[in-house]
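Step one of this worksheet: look at the structure below.
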Amino acid sequence: MVIDFSTYYDLPSQIDRIFEEMSKPLYFTQRRVSYPPINICEDDKNIYVSAEIPGVDIDNVELTLTDGSLVIKGERKSESGKYYRQERASGNFQRIITLNVPVDPDNVSAAMKNGVLNIALTKAEETHPKKIDISLS
Amino acid sequence: MTQEIIKKDTLPHFNPDSDILEREDGFHIFMDLPGVNREDLVIDLKENELEITGKVEYAKKEQSKDVHLEFGSGAYVRRFTISDTVDAEKIKATLKNGVMELFLPKAAKAIPKKIQIQAE
């Protein structure tokens, strides 16, 4: 990072930015490694996968559930015009999520809201934890 | 050091990815703001400084545990300096699918004009 001390640049905000850079939470370290960024969480019965895919319609996202993995595939189109700055990723993307538990292929729901894709997968019946009653003899 | 430290919001700040491009009618700024609702997006124009702030908060699902995280709640902040060639009164913003589009039309004086040459 270059600090410019000339009057054209707002120095306080640049210093703020350096501190912001340092205070970034460490748990997002994998951000920007692969596209799109995803979050995975699970409970006893479901696996929830969410992905940040702004600017893409749900119809243009291809979700494939194969044996043991979920594939998110799509394309981000770039706008036409004379570019001064281009930071947003564009082009084809694909992300494979390995699922370590069997899921019910008929019970998958996906919804897109504000550029965030939410997928809920139901774990297969046999993986649900079961309570075993112990009978006293 | 008796002054109490005022803690602002604890959300991490992100610099949203932006594209700036020029078309014949003016400048377009596209900004990725995934998860931001329309109500949480604030666009401020002070003199020629344009500030865009957005907030996103993901509710944690109860009784679920996180396996892998790459994004989360946060605040998006980005500032732009607008040139004089932009008509500040006619700036338009739309938010769709987590992408904000800002349209900055050129001021009438900045639009190139053809000059007719009269033959003698």
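Residues in the structure tokens are named by chain (A, B, ... in the order shown) and by number from 1 within that chain; ligands are numbered from 1 in the order shown.
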>> With only C-alpha atoms as the counted atoms, please give the residues lying no more than 10 Å from Ser69 in chain A, apart from itself and same-chain residues fewer than 6 positions off, as a list in words.
In response: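 Listed by chain and then number, they are Ile96, Ile97, Thr98, Leu99, Asn100, Val101, Pro102 and Val103 of chain A.
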> Where in chain A does DSSP assign strand (DSSP E or B), given as a ChimeraX atom specification?
Replying inline: /A:38-42,46-52,61-66,69-76,82-86,91-98,103-113,116-123
>> What's the separation between CA of Leu21 in chain B and CA of Glu47 in chain B, in Å to one decimal place?
In response: 21.5 Å
>> Quick one: residues within 7 Å of Ala110 in chain A, only C-alpha atoms, excluding same-chain residues fewer than 4 positions away - as a PyMOL selection string?
In response: chain A and resi 117-120
Store the residues of this selection in a file with all heavy atoms, as a short mmCIF file (atom, residue, chain, number, x, y, z; two decimals), in the first residue's frame.
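Now in result_13.cif:
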```cif
data_model
loop_
_atom_site.label_atom_id
_atom_site.label_comp_id
_atom_site.auth_asym_id
_atom_site.auth_seq_id
_atom_site.Cartn_x
_atom_site.Cartn_y
_atom_site.Cartn_z
N LEU A 117 -27.06 -17.14 -2.70
CA LEU A 117 -27.72 -18.41 -3.00
C LEU A 117 -27.73 -19.28 -1.75
O LEU A 117 -26.70 -19.48 -1.12
CB LEU A 117 -26.97 -19.11 -4.13
CG LEU A 117 -27.44 -20.50 -4.56
CD1 LEU A 117 -28.76 -20.41 -5.30
CD2 LEU A 117 -26.40 -21.16 -5.45
N ASN A 118 -28.92 -19.73 -1.39
CA ASN A 118 -29.05 -20.58 -0.21
C ASN A 118 -29.54 -21.96 -0.63
O ASN A 118 -30.58 -22.08 -1.24
CB ASN A 118 -30.03 -19.98 0.79
CG ASN A 118 -29.46 -18.76 1.47
OD1 ASN A 118 -28.41 -18.84 2.10
ND2 ASN A 118 -30.13 -17.64 1.32
N ILE A 119 -28.78 -22.96 -0.29
CA ILE A 119 -29.14 -24.33 -0.64
C ILE A 119 -29.31 -25.11 0.65
O ILE A 119 -28.46 -25.02 1.55
CB ILE A 119 -28.06 -24.99 -1.51
CG1 ILE A 119 -27.69 -24.10 -2.71
CG2 ILE A 119 -28.52 -26.36 -2.00
CD1 ILE A 119 -26.36 -24.46 -3.33
N ALA A 120 -30.40 -25.84 0.74
CA ALA A 120 -30.59 -26.70 1.90
C ALA A 120 -30.66 -28.15 1.42
O ALA A 120 -31.44 -28.48 0.53
CB ALA A 120 -31.87 -26.32 2.64
#
```
> How many Å lie between CA of Pro129 in chain A and CA of Asp44 in chain A, rounded to one decimal?
Replying inline: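 CA of Asp44 in chain A lies at a distance of 7.0 Å from CA of Pro129 in chain A.
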>> Show me, as number ranges by chain, the residues of chain A whose atoms get within 6 Å of chain B, using only C-alpha atoms for the distance check.
In response: A: 28, 30-31, 37-43, 54-55, 81-88, 114-116
Excluding range 107-113 of chain B and its own-chain neighbours fewer than 4 positions away, which residues fall within 10 Å of it when counting only C-alpha atoms? Please give them as a PDB file with N, CA, C and O atoms, in the first residue's frame.
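Everything below was put into selection-v5.pdb:
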```
ATOM      1  N   GLU B  24     -21.746   6.072 -23.819  1.00  0.00           N
ATOM      2  CA  GLU B  24     -22.017   7.356 -24.455  1.00  0.00           C
ATOM      3  C   GLU B  24     -22.851   8.293 -23.581  1.00  0.00           C
ATOM      4  O   GLU B  24     -22.632   9.493 -23.549  1.00  0.00           O
ATOM      5  N   ASP B  25     -23.804   7.709 -22.862  1.00  0.00           N
ATOM      6  CA  ASP B  25     -24.705   8.549 -22.073  1.00  0.00           C
ATOM      7  C   ASP B  25     -24.116   8.999 -20.736  1.00  0.00           C
ATOM      8  O   ASP B  25     -24.604   9.938 -20.122  1.00  0.00           O
ATOM      9  N   GLY B  26     -23.100   8.327 -20.271  1.00  0.00           N
ATOM     10  CA  GLY B  26     -22.527   8.715 -18.988  1.00  0.00           C
ATOM     11  C   GLY B  26     -21.720   7.601 -18.369  1.00  0.00           C
ATOM     12  O   GLY B  26     -21.326   6.649 -19.043  1.00  0.00           O
ATOM     13  N   ASP B  84     -16.584  16.865 -12.461  1.00  0.00           N
ATOM     14  CA  ASP B  84     -17.520  17.941 -12.800  1.00  0.00           C
ATOM     15  C   ASP B  84     -18.375  17.639 -14.020  1.00  0.00           C
ATOM     16  O   ASP B  84     -19.400  18.264 -14.225  1.00  0.00           O
ATOM     17  N   THR B  85     -17.925  16.689 -14.812  1.00  0.00           N
ATOM     18  CA  THR B  85     -18.679  16.399 -16.032  1.00  0.00           C
ATOM     19  C   THR B  85     -19.968  15.621 -15.763  1.00  0.00           C
ATOM     20  O   THR B  85     -20.739  15.378 -16.674  1.00  0.00           O
ATOM     21  N   VAL B  86     -20.159  15.249 -14.491  1.00  0.00           N
ATOM     22  CA  VAL B  86     -21.359  14.479 -14.151  1.00  0.00           C
ATOM     23  C   VAL B  86     -22.453  15.416 -13.651  1.00  0.00           C
ATOM     24  O   VAL B  86     -22.204  16.342 -12.889  1.00  0.00           O
ATOM     25  N   ASP B  87     -23.657  15.147 -14.109  1.00  0.00           N
ATOM     26  CA  ASP B  87     -24.809  15.902 -13.635  1.00  0.00           C
ATOM     27  C   ASP B  87     -25.286  15.268 -12.329  1.00  0.00           C
ATOM     28  O   ASP B  87     -25.983  14.263 -12.327  1.00  0.00           O
ATOM     29  N   ALA B  88     -24.880  15.865 -11.210  1.00  0.00           N
ATOM     30  CA  ALA B  88     -25.131  15.263  -9.891  1.00  0.00           C
ATOM     31  C   ALA B  88     -26.622  15.143  -9.567  1.00  0.00           C
ATOM     32  O   ALA B  88     -27.038  14.293  -8.786  1.00  0.00           O
ATOM     33  N   GLU B  89     -27.430  15.991 -10.193  1.00  0.00           N
ATOM     34  CA  GLU B  89     -28.871  15.972  -9.904  1.00  0.00           C
ATOM     35  C   GLU B  89     -29.552  14.730 -10.467  1.00  0.00           C
ATOM     36  O   GLU B  89     -30.615  14.334 -10.006  1.00  0.00           O
ATOM     37  N   LYS B  90     -28.948  14.152 -11.484  1.00  0.00           N
ATOM     38  CA  LYS B  90     -29.640  13.068 -12.200  1.00  0.00           C
ATOM     39  C   LYS B  90     -29.027  11.704 -11.957  1.00  0.00           C
ATOM     40  O   LYS B  90     -29.224  10.792 -12.740  1.00  0.00           O
TER      41      LYS B  90
END
```
> What are the DSSP helix (DSSP H, G or I) residues of chain B, as a VMD selection string?
Replying inline: chain B and resid 38 to 40 88 to 90 108 to 110
> What does the distance from CA of Arg78 in chain B to CA of Leu45 in chain B come to in Å, to one decimal?
Replying inline: 12.1 Å
> Taking only C-alpha atoms into account, which of B:Lys114, B:Thr53, B:Leu41, B:Ala59 comes nearest Thr94 in chain B?
Replying inline: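 Comparing B:Lys114, B:Thr53, B:Leu41, B:Ala59 against Thr94 in chain B, the winner is B:Leu41.
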